[in-house]
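Source file run06.cif; content: mmCIF, C-alpha atoms.
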```cif
data_query
#
loop_
_atom_site.label_atom_id
_atom_site.label_comp_id
_atom_site.auth_asym_id
_atom_site.auth_seq_id
_atom_site.Cartn_x
_atom_site.Cartn_y
_atom_site.Cartn_z
CA MET Z 1 138.70 170.62 107.92
CA THR Z 2 140.23 173.15 110.24
CA SER Z 3 138.64 174.16 113.50
CA THR Z 4 139.22 177.36 115.38
CA VAL Z 5 139.77 177.08 119.09
CA ARG Z 6 137.95 179.82 120.96
CA LEU Z 7 139.27 180.87 124.33
CA LEU Z 8 136.92 181.73 127.17
CA GLN Z 9 138.62 183.89 129.75
CA VAL Z 10 137.81 182.87 133.34
CA LYS Z 11 136.91 186.03 135.28
CA PRO Z 12 136.12 186.58 138.95
CA LEU Z 13 132.38 186.57 139.66
CA SER Z 14 130.83 189.90 140.62
CA ALA Z 15 127.24 191.03 140.98
CA GLU Z 16 127.75 193.68 138.33
CA ALA Z 17 129.28 191.40 135.72
CA PHE Z 18 126.65 188.72 136.36
CA LYS Z 19 123.67 191.08 136.26
CA PRO Z 20 122.55 190.19 132.70
CA PHE Z 21 122.35 186.53 133.79
CA GLY Z 22 120.87 186.74 137.27
CA ASP Z 23 121.89 187.37 140.88
CA VAL Z 24 125.03 186.67 142.85
CA ILE Z 25 124.06 185.35 146.29
CA GLU Z 26 126.67 186.77 148.61
CA ALA Z 27 126.63 188.46 152.02
CA THR Z 28 128.45 191.70 151.27
CA ASP Z 29 128.32 195.14 152.86
CA THR Z 30 126.64 196.53 149.76
CA ALA Z 31 123.66 194.20 150.19
CA LYS Z 32 120.69 195.30 152.32
CA HIS Z 33 121.40 193.86 155.75
CA PHE Z 34 120.19 194.31 159.32
CA SER Z 35 120.46 192.74 162.74
CA ILE Z 36 117.90 190.13 163.82
CA ASN Z 37 117.55 187.37 166.43
CA GLN Z 38 118.45 189.53 169.44
CA GLY Z 39 121.69 190.52 167.76
CA TYR Z 40 122.77 186.94 167.10
CA ALA Z 41 122.39 187.14 163.33
CA GLU Z 42 122.80 189.65 160.54
CA ARG Z 43 120.26 189.16 157.79
CA TYR Z 44 121.53 189.82 154.26
CA ASP Z 45 118.10 190.16 152.83
CA ARG Z 46 116.66 188.90 149.55
CA LEU Z 47 119.96 188.46 147.78
CA ALA Z 48 117.97 186.62 145.13
CA GLN Z 49 114.33 186.40 144.25
CA VAL Z 50 113.01 183.04 143.09
CA ASP Z 51 110.91 183.18 139.91
CA ALA Z 52 108.98 179.95 139.62
CA ASN Z 53 105.27 180.67 139.43
CA ASP Z 54 104.74 180.26 135.68
CA LEU Z 55 102.21 177.53 134.85
CA GLY Z 56 101.51 176.95 138.52
CA GLY Z 57 105.08 176.05 139.43
CA GLN Z 58 106.17 175.70 143.04
CA VAL Z 59 109.61 176.15 144.60
CA GLY Z 60 111.65 173.18 145.77
CA ILE Z 61 114.95 172.86 147.61
CA SER Z 62 117.34 170.15 146.43
CA VAL Z 63 120.95 169.15 146.98
CA PHE Z 64 123.32 168.53 144.06
CA ARG Z 65 126.23 166.31 145.09
CA ALA Z 66 128.83 167.34 142.52
CA LYS Z 67 131.94 165.57 141.29
CA ALA Z 68 134.95 167.60 140.31
CA ARG Z 69 135.29 167.94 136.54
CA PRO Z 70 138.57 166.53 135.24
CA MET Z 71 141.05 169.08 133.92
CA PRO Z 72 141.14 170.43 131.33
CA ILE Z 73 137.41 171.05 131.69
CA GLU Z 74 135.45 170.32 128.52
CA LEU Z 75 132.35 172.39 127.99
CA SER Z 76 129.71 170.04 126.68
CA VAL Z 77 126.30 171.65 126.69
CA LEU Z 78 124.39 174.77 127.62
CA GLU Z 79 120.91 174.53 129.04
CA LYS Z 80 118.15 176.88 130.06
CA HIS Z 81 114.98 176.65 132.11
CA PRO Z 82 112.27 178.69 130.36
CA LEU Z 83 109.83 178.39 133.26
CA GLY Z 84 111.92 179.37 136.24
CA SER Z 85 115.05 180.67 137.92
CA GLN Z 86 117.60 178.27 139.38
CA ALA Z 87 119.88 179.06 142.31
CA PHE Z 88 123.08 177.27 143.35
CA MET Z 89 124.87 177.82 146.64
CA PRO Z 90 128.08 175.94 147.48
CA MET Z 91 128.01 174.23 150.87
CA SER Z 92 131.38 172.50 150.92
CA GLY Z 93 133.75 175.45 150.95
CA HIS Z 94 135.00 175.17 147.37
CA ALA Z 95 135.12 177.60 144.45
CA TYR Z 96 133.47 176.54 141.19
CA LEU Z 97 132.99 177.76 137.62
CA VAL Z 98 129.93 179.32 136.04
CA VAL Z 99 129.50 179.52 132.26
CA VAL Z 100 126.63 181.62 130.90
CA ALA Z 101 125.48 183.09 127.61
CA LEU Z 102 122.78 185.42 126.42
CA GLY Z 103 120.52 184.45 123.56
CA GLY Z 104 116.99 183.34 122.85
CA GLU Z 105 116.25 180.14 121.00
CA LYS Z 106 119.99 179.47 120.77
CA PRO Z 107 122.76 180.79 123.00
CA ASP Z 108 125.13 183.41 121.63
CA THR Z 109 128.19 181.23 122.20
CA ASP Z 110 130.53 183.82 120.70
CA LYS Z 111 129.81 185.95 123.75
CA ALA Z 112 129.65 183.20 126.35
CA GLN Z 113 131.24 184.15 129.66
CA CYS Z 114 132.99 182.13 132.33
CA PHE Z 115 133.16 183.23 135.99
CA LEU Z 116 135.08 181.81 138.89
CA ALA Z 117 132.67 181.80 141.86
CA SER Z 118 134.20 181.71 145.31
CA ALA Z 119 133.19 179.26 148.02
CA THR Z 120 130.88 181.91 149.52
CA GLN Z 121 129.21 183.03 146.29
CA GLY Z 122 126.04 181.49 144.98
CA VAL Z 123 124.34 182.26 141.68
CA ASN Z 124 120.70 182.51 140.75
CA TYR Z 125 120.24 182.07 137.01
CA ALA Z 126 117.37 184.23 135.83
CA LYS Z 127 114.53 182.40 134.11
CA GLY Z 128 115.56 181.35 130.61
CA THR Z 129 119.28 182.10 131.02
CA TRP Z 130 121.65 179.81 129.10
CA HIS Z 131 124.16 178.20 131.45
CA HIS Z 132 126.46 175.21 131.59
CA PRO Z 133 125.54 172.43 134.02
CA LEU Z 134 127.40 172.58 137.32
CA LEU Z 135 131.17 172.87 136.89
CA ALA Z 136 132.62 171.81 140.24
CA LEU Z 137 136.35 172.07 140.76
CA HIS Z 138 136.15 169.82 143.82
CA ASP Z 139 133.73 167.16 145.00
CA GLY Z 140 131.07 168.79 147.15
CA ASP Z 141 127.44 169.66 147.76
CA PHE Z 142 125.40 172.58 146.46
CA LEU Z 143 122.01 173.70 147.68
CA VAL Z 144 119.71 174.27 144.72
CA VAL Z 145 116.49 176.29 144.73
CA ASP Z 146 114.41 175.89 141.61
CA ARG Z 147 111.01 175.33 140.12
CA SER Z 148 108.98 172.26 140.81
CA GLY Z 149 106.34 171.93 138.15
CA ALA Z 150 103.99 169.44 136.62
CA LYS Z 151 105.37 166.33 134.90
CA GLY Z 152 104.64 167.51 131.38
CA ASP Z 153 106.28 170.94 131.74
CA MET Z 154 109.08 171.62 129.27
CA ASN Z 155 111.49 173.37 131.60
CA CYS Z 156 114.85 172.29 130.22
CA VAL Z 157 116.23 173.12 126.78
CA GLU Z 158 119.71 171.94 125.81
CA PHE Z 159 122.22 173.18 123.24
CA SER Z 160 125.22 171.03 122.44
CA LEU Z 161 128.69 172.59 122.50
CA GLN Z 162 130.34 169.52 120.99
CA GLY Z 163 132.76 170.44 118.24
CA MET Z 164 132.77 174.12 119.14
CA SER Z 165 136.29 174.00 120.55
CA LEU Z 166 135.62 176.30 123.45
CA ARG Z 167 138.56 176.32 125.83
CA LEU Z 168 138.77 177.91 129.26
CA LEU Z 169 141.62 180.33 129.78
CA TYR Z 170 142.55 180.81 133.42
CA PRO Z 171 143.98 184.11 134.64
CA MET W 5 108.35 182.43 194.67
CA THR W 6 109.75 179.14 193.47
CA SER W 7 110.34 178.36 189.84
CA THR W 8 110.59 174.92 188.31
CA VAL W 9 113.43 174.36 185.90
CA ARG W 10 112.31 172.32 182.93
CA LEU W 11 114.92 170.33 181.05
CA LEU W 12 114.82 170.06 177.27
CA GLN W 13 116.74 167.02 176.08
CA VAL W 14 118.91 167.71 173.00
CA LYS W 15 118.27 164.92 170.48
CA PRO W 16 119.87 164.19 167.12
CA LEU W 17 117.87 165.59 164.21
CA SER W 18 116.14 163.05 161.98
CA ALA W 19 113.55 163.42 159.25
CA GLU W 20 111.13 161.23 161.16
CA ALA W 21 111.39 163.07 164.46
CA PHE W 22 111.14 166.45 162.71
CA LYS W 23 108.16 165.52 160.52
CA PRO W 24 105.52 167.33 162.64
CA PHE W 25 107.54 170.54 162.25
CA GLY W 26 108.70 170.41 158.63
CA ASP W 27 111.42 168.87 156.47
CA VAL W 28 115.03 167.94 157.09
CA ILE W 29 117.11 168.99 154.08
CA GLU W 30 119.74 166.30 153.76
CA ALA W 31 121.20 164.28 150.92
CA THR W 32 120.63 160.75 152.14
CA ASP W 33 120.18 157.45 150.33
CA THR W 34 116.56 157.34 151.40
CA ALA W 35 115.78 160.57 149.52
CA LYS W 36 114.76 160.45 145.86
CA HIS W 37 118.00 160.92 143.92
CA PHE W 38 119.28 160.45 140.40
CA SER W 39 122.28 161.24 138.22
CA ILE W 40 122.33 164.45 136.17
CA ASN W 41 124.88 166.69 134.42
CA GLN W 42 126.52 163.91 132.39
CA GLY W 43 127.17 161.97 135.58
CA TYR W 44 128.91 164.86 137.32
CA ALA W 45 126.18 165.43 139.88
CA GLU W 46 123.65 163.42 141.85
CA ARG W 47 120.41 165.32 142.38
CA TYR W 48 118.74 164.75 145.76
CA ASP W 49 115.44 166.04 144.60
CA ARG W 50 112.90 168.25 146.35
CA LEU W 51 114.12 167.61 149.86
CA ALA W 52 111.87 170.47 150.88
CA GLN W 53 108.99 172.26 149.26
CA VAL W 54 108.71 176.01 149.81
CA ASP W 55 105.26 177.20 150.85
CA ALA W 56 105.09 180.94 150.35
CA ASN W 57 102.25 181.81 148.02
CA ASP W 58 99.65 182.98 150.57
CA LEU W 59 98.56 186.59 150.00
CA GLY W 60 100.69 186.83 146.87
CA GLY W 61 103.97 186.05 148.60
CA GLN W 62 107.13 185.39 146.62
CA VAL W 63 110.21 183.36 147.56
CA GLY W 64 113.48 185.03 148.44
CA ILE W 65 116.96 183.73 149.20
CA SER W 66 118.88 185.40 152.03
CA VAL W 67 122.00 184.77 154.07
CA PHE W 68 121.94 184.84 157.88
CA ARG W 69 125.40 185.52 159.31
CA ALA W 70 125.07 183.94 162.74
CA LYS W 71 127.04 184.49 165.92
CA ALA W 72 127.57 181.58 168.28
CA ARG W 73 125.26 181.74 171.31
CA PRO W 74 127.15 181.90 174.57
CA MET W 75 126.92 178.80 176.75
CA PRO W 76 124.78 177.93 178.55
CA ILE W 77 122.31 178.82 175.82
CA GLU W 78 119.29 180.74 177.08
CA LEU W 79 116.09 180.22 175.17
CA SER W 80 114.46 183.60 174.84
CA VAL W 81 111.58 183.49 172.41
CA LEU W 82 109.67 181.30 170.01
CA GLU W 83 108.37 182.69 166.76
CA LYS W 84 106.25 181.51 163.86
CA HIS W 85 105.57 182.67 160.34
CA PRO W 86 101.86 182.20 159.62
CA LEU W 87 102.22 182.99 155.93
CA GLY W 88 105.11 180.80 154.85
CA SER W 89 107.71 178.12 155.39
CA GLN W 90 111.29 179.05 156.26
CA ALA W 91 114.34 176.97 155.38
CA PHE W 92 117.82 177.15 156.92
CA MET W 93 120.88 175.43 155.49
CA PRO W 94 124.29 175.71 157.19
CA MET W 95 127.09 176.76 154.87
CA SER W 96 130.03 176.96 157.24
CA GLY W 97 130.43 173.34 158.27
CA HIS W 98 129.08 173.65 161.81
CA ALA W 99 126.34 171.87 163.71
CA TYR W 100 123.58 173.98 165.30
CA LEU W 101 120.51 173.61 167.49
CA VAL W 102 116.86 173.68 166.49
CA VAL W 103 114.08 174.24 169.04
CA VAL W 104 110.48 173.70 167.92
CA ALA W 105 107.04 173.34 169.44
CA LEU W 106 103.57 172.50 168.26
CA GLY W 107 100.65 174.73 169.13
CA GLY W 108 98.33 177.24 167.58
CA GLU W 109 97.94 180.72 169.00
CA LYS W 110 100.52 179.87 171.67
CA PRO W 111 103.25 177.23 171.53
CA ASP W 112 102.87 174.12 173.67
CA THR W 113 106.13 174.78 175.53
CA ASP W 114 105.65 171.74 177.76
CA LYS W 115 106.27 169.60 174.69
CA ALA W 116 108.93 171.76 173.02
CA GLN W 117 111.72 169.76 171.40
CA CYS W 118 115.38 170.47 170.79
CA PHE W 119 117.38 168.85 167.99
CA LEU W 120 121.07 168.92 167.23
CA ALA W 121 121.37 169.43 163.46
CA SER W 122 124.62 168.38 161.85
CA ALA W 123 126.65 170.58 159.52
CA THR W 124 125.03 168.88 156.51
CA GLN W 125 121.43 169.03 157.72
CA GLY W 126 119.13 171.88 156.91
CA VAL W 127 115.60 172.38 158.22
CA ASN W 128 112.50 173.76 156.55
CA TYR W 129 109.99 174.93 159.16
CA ALA W 130 106.50 174.30 157.88
CA LYS W 131 104.23 177.35 157.66
CA GLY W 132 103.12 178.42 161.11
CA THR W 133 105.53 176.20 163.06
CA TRP W 134 106.78 177.61 166.36
CA HIS W 135 110.59 177.70 166.45
CA HIS W 136 113.37 179.46 168.26
CA PRO W 137 115.43 181.98 166.27
CA LEU W 138 118.70 180.58 164.94
CA LEU W 139 120.80 178.87 167.62
CA ALA W 140 124.30 178.73 166.18
CA LEU W 141 126.99 176.92 168.14
CA HIS W 142 129.73 178.57 166.04
CA ASP W 143 129.95 181.75 164.03
CA GLY W 144 128.91 181.01 160.45
CA ASP W 145 126.56 181.60 157.54
CA PHE W 146 123.22 179.98 156.77
CA LEU W 147 121.32 180.14 153.52
CA VAL W 148 117.68 180.99 154.20
CA VAL W 149 114.77 180.46 151.82
CA ASP W 150 111.56 182.12 152.92
CA ARG W 151 108.59 184.22 151.96
CA SER W 152 108.93 187.71 150.63
CA GLY W 153 105.63 189.48 151.01
CA ALA W 154 104.10 192.91 151.04
CA LYS W 155 105.17 195.42 153.71
CA GLY W 156 101.96 195.18 155.73
CA ASP W 157 101.90 191.37 155.97
CA MET W 158 101.90 190.02 159.51
CA ASN W 159 104.27 187.13 159.01
CA CYS W 160 106.04 186.96 162.36
CA VAL W 161 104.42 186.19 165.70
CA GLU W 162 106.57 186.00 168.84
CA PHE W 163 106.07 184.28 172.17
CA SER W 164 108.41 185.13 175.04
CA LEU W 165 110.11 182.33 176.96
CA GLN W 166 111.45 184.70 179.63
CA GLY W 167 110.92 183.30 183.09
CA MET W 168 110.04 179.83 181.86
CA SER W 169 113.31 178.33 183.05
CA LEU W 170 113.79 176.05 180.08
CA ARG W 171 117.24 174.49 180.15
CA LEU W 172 118.91 172.45 177.46
CA LEU W 173 120.14 169.03 178.52
CA TYR W 174 122.88 167.67 176.30
CA PRO W 175 123.27 163.91 175.79
#
```

In structure tokens, write the structure found in this file.
Amino acid sequence: MTSTVRLLQVKPLSAEAFKPFGDVIEATDTAKHFSINQGYAERYDRLAQVDANDLGGQVGISVFRAKARPMPIELSVLEKHPLGSQAFMPMSGHAYLVVVALGGEKPDTDKAQCFLASATQGVNYAKGTWHHPLLALHDGDFLVVDRSGAKGDMNCVEFSLQGMSLRLLYP
Amino acid sequence: MTSTVRLLQVKPLSAEAFKPFGDVIEATDTAKHFSINQGYAERYDRLAQVDANDLGGQVGISVFRAKARPMPIELSVLEKHPLGSQAFMPMSGHAYLVVVALGGEKPDTDKAQCFLASATQGVNYAKGTWHHPLLALHDGDFLVVDRSGAKGDMNCVEFSLQGMSLRLLYP
């Protein structure tokens, strides 16, 4: 049996490129921003909207303490959360990778995309967006804002990438 | 006219001490935590719950780009958000100060408290909790999770501290 290796080009993360998958959380001049706190802070407002109310869900704030993935990074699984958005913001000053795909019941892996997020860029996966679990390049913490639902809620669907021979291609 | 200077002792932030005012967002062993992402992340789960649904509010994620307050820090105002919680998480690796007070229509300034939050401690002010606007000790960014409501919502009440001669006393 032969297997075809598919290369996934790692691209810089931008709000425009990420739009089909959710929001980039980043304080840029193009975001709506204004001075608050007697001039001691600039508010970059509503960079992402949390979408968690389905089936009576609430919003929780968690910390993910990530370990760096060993190189070369192996993509193992995509997952999606049908009932809510999920936001990640790096807190340790390190860049990280984001792998996403469109698709409904199954992800369209042929068109999966990989972005390199900088240390000051967060992402908010839109509800139901296929994404790889956290791909940290360094050990470090992420703040996570996502849905907190009832115990029986089915809010995580997984799709295995084993045997798909997806390889990351760095610029 | 004489004025009495009141000293506000700066204390280290702890979950227990902060409990009357909200949550401390911190990945500690005492928090509920478990392994996820094929062992590549530890999830410190639901360190804070967002409370933003009153009057149809939604939850937004913003960035506050803070400027360091000049020393000695002058406390100018307390504010509260009657319709929702508000969470702050430092992203730039710097400690900061948190000033809070109990009270209803007016804050009980005689019992105001000041905490020194470390670079890895966030706070989530419970709905309606009197607090001073962000008191950064260094320039840096904070991730903020708070309520996004309708334009007419009255979700910020201020109380001036001018002339109250509150001084911070560092340990």

Apply the PyMOL selection byres ((chain Z and resi 160) around 12) to the file shown and report the selected residues as a PDB file with C-alpha atoms, keeping the file's coordinate frame.
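Resulting contents of out_38.pdb:
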```
ATOM      1  CA  GLU Z  74     135.450 170.320 128.520  1.00  0.00           C
ATOM      2  CA  LEU Z  75     132.350 172.390 127.990  1.00  0.00           C
ATOM      3  CA  SER Z  76     129.710 170.040 126.680  1.00  0.00           C
ATOM      4  CA  VAL Z  77     126.300 171.650 126.690  1.00  0.00           C
ATOM      5  CA  LEU Z  78     124.390 174.770 127.620  1.00  0.00           C
ATOM      6  CA  GLU Z  79     120.910 174.530 129.040  1.00  0.00           C
ATOM      7  CA  LYS Z  80     118.150 176.880 130.060  1.00  0.00           C
ATOM      8  CA  LYS Z 106     119.990 179.470 120.770  1.00  0.00           C
ATOM      9  CA  PRO Z 107     122.760 180.790 123.000  1.00  0.00           C
ATOM     10  CA  THR Z 109     128.190 181.230 122.200  1.00  0.00           C
ATOM     11  CA  TRP Z 130     121.650 179.810 129.100  1.00  0.00           C
ATOM     12  CA  HIS Z 131     124.160 178.200 131.450  1.00  0.00           C
ATOM     13  CA  HIS Z 132     126.460 175.210 131.590  1.00  0.00           C
ATOM     14  CA  PRO Z 133     125.540 172.430 134.020  1.00  0.00           C
ATOM     15  CA  VAL Z 157     116.230 173.120 126.780  1.00  0.00           C
ATOM     16  CA  GLU Z 158     119.710 171.940 125.810  1.00  0.00           C
ATOM     17  CA  PHE Z 159     122.220 173.180 123.240  1.00  0.00           C
ATOM     18  CA  LEU Z 161     128.690 172.590 122.500  1.00  0.00           C
ATOM     19  CA  GLN Z 162     130.340 169.520 120.990  1.00  0.00           C
ATOM     20  CA  GLY Z 163     132.760 170.440 118.240  1.00  0.00           C
ATOM     21  CA  MET Z 164     132.770 174.120 119.140  1.00  0.00           C
ATOM     22  CA  SER Z 165     136.290 174.000 120.550  1.00  0.00           C
ATOM     23  CA  LEU Z 166     135.620 176.300 123.450  1.00  0.00           C
TER      24      LEU Z 166
END
```

Quiz item: Can you list, as an MDAnalysis selection string, every protein, DNA or RNA residue that comes within 9 Å of Ile65 in chain W when you count all atoms listed in the file, leaving out same-chain residues fewer than 4 positions away?
Solution: (chainID Z and resid 25 45:50 87 145) or (chainID W and resid 147:151)

Practice problem: Enumerate, as a VMD selection string, the residues matched when the PyMOL selection byres ((chain W) within 8 of (chain Z)) is run on the file above. | Solution: chain W and resid 29 to 31 41 44 to 55 62 to 73 94 to 97 137 to 138 152

Exercise. Fewer than 4 positions away in the same chain doesn't count, so skip those; otherwise give me all residues within 7 Å of Pro16 in chain W, counting only C-alpha atoms, as a list in words.
Key: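 Once the adjacent positions are removed, what remains is Phe119, Leu120 and Ala121 of chain W.
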
With C-alpha atoms retained, export the selected residues as a short mmCIF file (atom, residue, chain, number, x, y, z; two decimals), in the frame of the given file.
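Once written, again_13.cif looks like this:
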```cif
data_model
loop_
_atom_site.label_atom_id
_atom_site.label_comp_id
_atom_site.auth_asym_id
_atom_site.auth_seq_id
_atom_site.Cartn_x
_atom_site.Cartn_y
_atom_site.Cartn_z
CA PHE W 119 117.38 168.85 167.99
CA LEU W 120 121.07 168.92 167.23
CA ALA W 121 121.37 169.43 163.46
#
```

Exercise. Excluding Asp110 in chain Z and any residue of its chain fewer than 5 positions from it, enumerate the residues within 10 Å of it, using all atoms listed in the file, and give them as a ChimeraX atom specification.
Key: /Z:6-8,101-102,166

Exercise. Show which residues sit within 10 Å of Lys15 in chain W, as a list of chain:residue names. Count all atoms listed in the file, and ignore same-chain residues fewer than 2 positions away.
Key: W:Leu12, W:Gln13, W:Leu17, W:Ser18, W:Ala21, W:Leu101, W:Val102, W:Gln117, W:Cys118, W:Phe119, W:Leu120, W:Ala121, W:Leu173, W:Tyr174, W:Pro175

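Counting from CA of Lys151 in chain Z, the distance to CA of Leu83 in chain Z is 13.0 Å.
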
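Minimum distance to Arg167 in chain Z across Z:Thr30, Z:Ile73, Z:Gly149, Z:Gly128 (counting all atoms listed in the file) occurs at Z:Ile73.
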
All heavy atoms are what I want for range 56-64 of chain W; can you complete it accordingly and write them as a PDB file, in the coordinates of the input?
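rebuild19.pdb, freshly written:
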```pdb
ATOM      1  N   ALA W  56     104.982 179.502 150.134  1.00  0.00           N
ATOM      2  CA  ALA W  56     105.090 180.940 150.350  1.00  0.00           C
ATOM      3  C   ALA W  56     104.083 181.758 149.564  1.00  0.00           C
ATOM      4  O   ALA W  56     104.162 182.983 149.523  1.00  0.00           O
ATOM      5  CB  ALA W  56     106.502 181.415 149.970  1.00  0.00           C
ATOM      6  N   ASN W  57     103.111 181.090 148.956  1.00  0.00           N
ATOM      7  CA  ASN W  57     102.250 181.810 148.020  1.00  0.00           C
ATOM      8  C   ASN W  57     101.067 182.551 148.652  1.00  0.00           C
ATOM      9  O   ASN W  57     100.404 183.341 147.981  1.00  0.00           O
ATOM     10  CB  ASN W  57     101.710 180.844 146.950  1.00  0.00           C
ATOM     11  CG  ASN W  57     102.805 180.372 146.013  1.00  0.00           C
ATOM     12  OD1 ASN W  57     103.903 180.956 145.986  1.00  0.00           O
ATOM     13  ND2 ASN W  57     102.537 179.325 145.255  1.00  0.00           N
ATOM     14  N   ASP W  58     100.794 182.308 149.937  1.00  0.00           N
ATOM     15  CA  ASP W  58      99.650 182.980 150.570  1.00  0.00           C
ATOM     16  C   ASP W  58      99.754 184.505 150.399  1.00  0.00           C
ATOM     17  O   ASP W  58     100.844 185.079 150.501  1.00  0.00           O
ATOM     18  CB  ASP W  58      99.603 182.663 152.070  1.00  0.00           C
ATOM     19  CG  ASP W  58      99.123 181.238 152.336  1.00  0.00           C
ATOM     20  OD1 ASP W  58      98.869 180.509 151.370  1.00  0.00           O
ATOM     21  OD2 ASP W  58      99.019 180.876 153.522  1.00  0.00           O
ATOM     22  N   LEU W  59      98.626 185.134 150.151  1.00  0.00           N
ATOM     23  CA  LEU W  59      98.560 186.590 150.000  1.00  0.00           C
ATOM     24  C   LEU W  59      99.583 187.124 149.002  1.00  0.00           C
ATOM     25  O   LEU W  59     100.181 188.179 149.195  1.00  0.00           O
ATOM     26  CB  LEU W  59      98.776 187.285 151.357  1.00  0.00           C
ATOM     27  CG  LEU W  59      97.783 186.943 152.486  1.00  0.00           C
ATOM     28  CD1 LEU W  59      98.084 187.794 153.713  1.00  0.00           C
ATOM     29  CD2 LEU W  59      96.348 187.175 152.029  1.00  0.00           C
ATOM     30  N   GLY W  60      99.805 186.361 147.935  1.00  0.00           N
ATOM     31  CA  GLY W  60     100.690 186.830 146.870  1.00  0.00           C
ATOM     32  C   GLY W  60     102.160 186.874 147.233  1.00  0.00           C
ATOM     33  O   GLY W  60     102.940 187.623 146.628  1.00  0.00           O
ATOM     34  N   GLY W  61     102.565 186.063 148.211  1.00  0.00           N
ATOM     35  CA  GLY W  61     103.970 186.050 148.600  1.00  0.00           C
ATOM     36  C   GLY W  61     104.870 185.480 147.518  1.00  0.00           C
ATOM     37  O   GLY W  61     104.436 184.668 146.693  1.00  0.00           O
ATOM     38  N   GLN W  62     106.117 185.929 147.519  1.00  0.00           N
ATOM     39  CA  GLN W  62     107.130 185.390 146.620  1.00  0.00           C
ATOM     40  C   GLN W  62     108.175 184.679 147.481  1.00  0.00           C
ATOM     41  O   GLN W  62     108.099 184.722 148.712  1.00  0.00           O
ATOM     42  CB  GLN W  62     107.787 186.534 145.839  1.00  0.00           C
ATOM     43  CG  GLN W  62     106.831 187.302 144.941  1.00  0.00           C
ATOM     44  CD  GLN W  62     106.459 186.525 143.690  1.00  0.00           C
ATOM     45  OE1 GLN W  62     107.296 185.839 143.111  1.00  0.00           O
ATOM     46  NE2 GLN W  62     105.198 186.609 143.282  1.00  0.00           N
ATOM     47  N   VAL W  63     109.157 184.060 146.828  1.00  0.00           N
ATOM     48  CA  VAL W  63     110.210 183.360 147.560  1.00  0.00           C
ATOM     49  C   VAL W  63     111.532 184.097 147.382  1.00  0.00           C
ATOM     50  O   VAL W  63     111.920 184.433 146.261  1.00  0.00           O
ATOM     51  CB  VAL W  63     110.361 181.904 147.058  1.00  0.00           C
ATOM     52  CG1 VAL W  63     111.453 181.186 147.830  1.00  0.00           C
ATOM     53  CG2 VAL W  63     109.031 181.169 147.192  1.00  0.00           C
ATOM     54  N   GLY W  64     112.195 184.364 148.488  1.00  0.00           N
ATOM     55  CA  GLY W  64     113.480 185.030 148.440  1.00  0.00           C
ATOM     56  C   GLY W  64     114.566 184.161 149.055  1.00  0.00           C
ATOM     57  O   GLY W  64     114.288 183.266 149.855  1.00  0.00           O
TER      58      GLY W  64
END
```
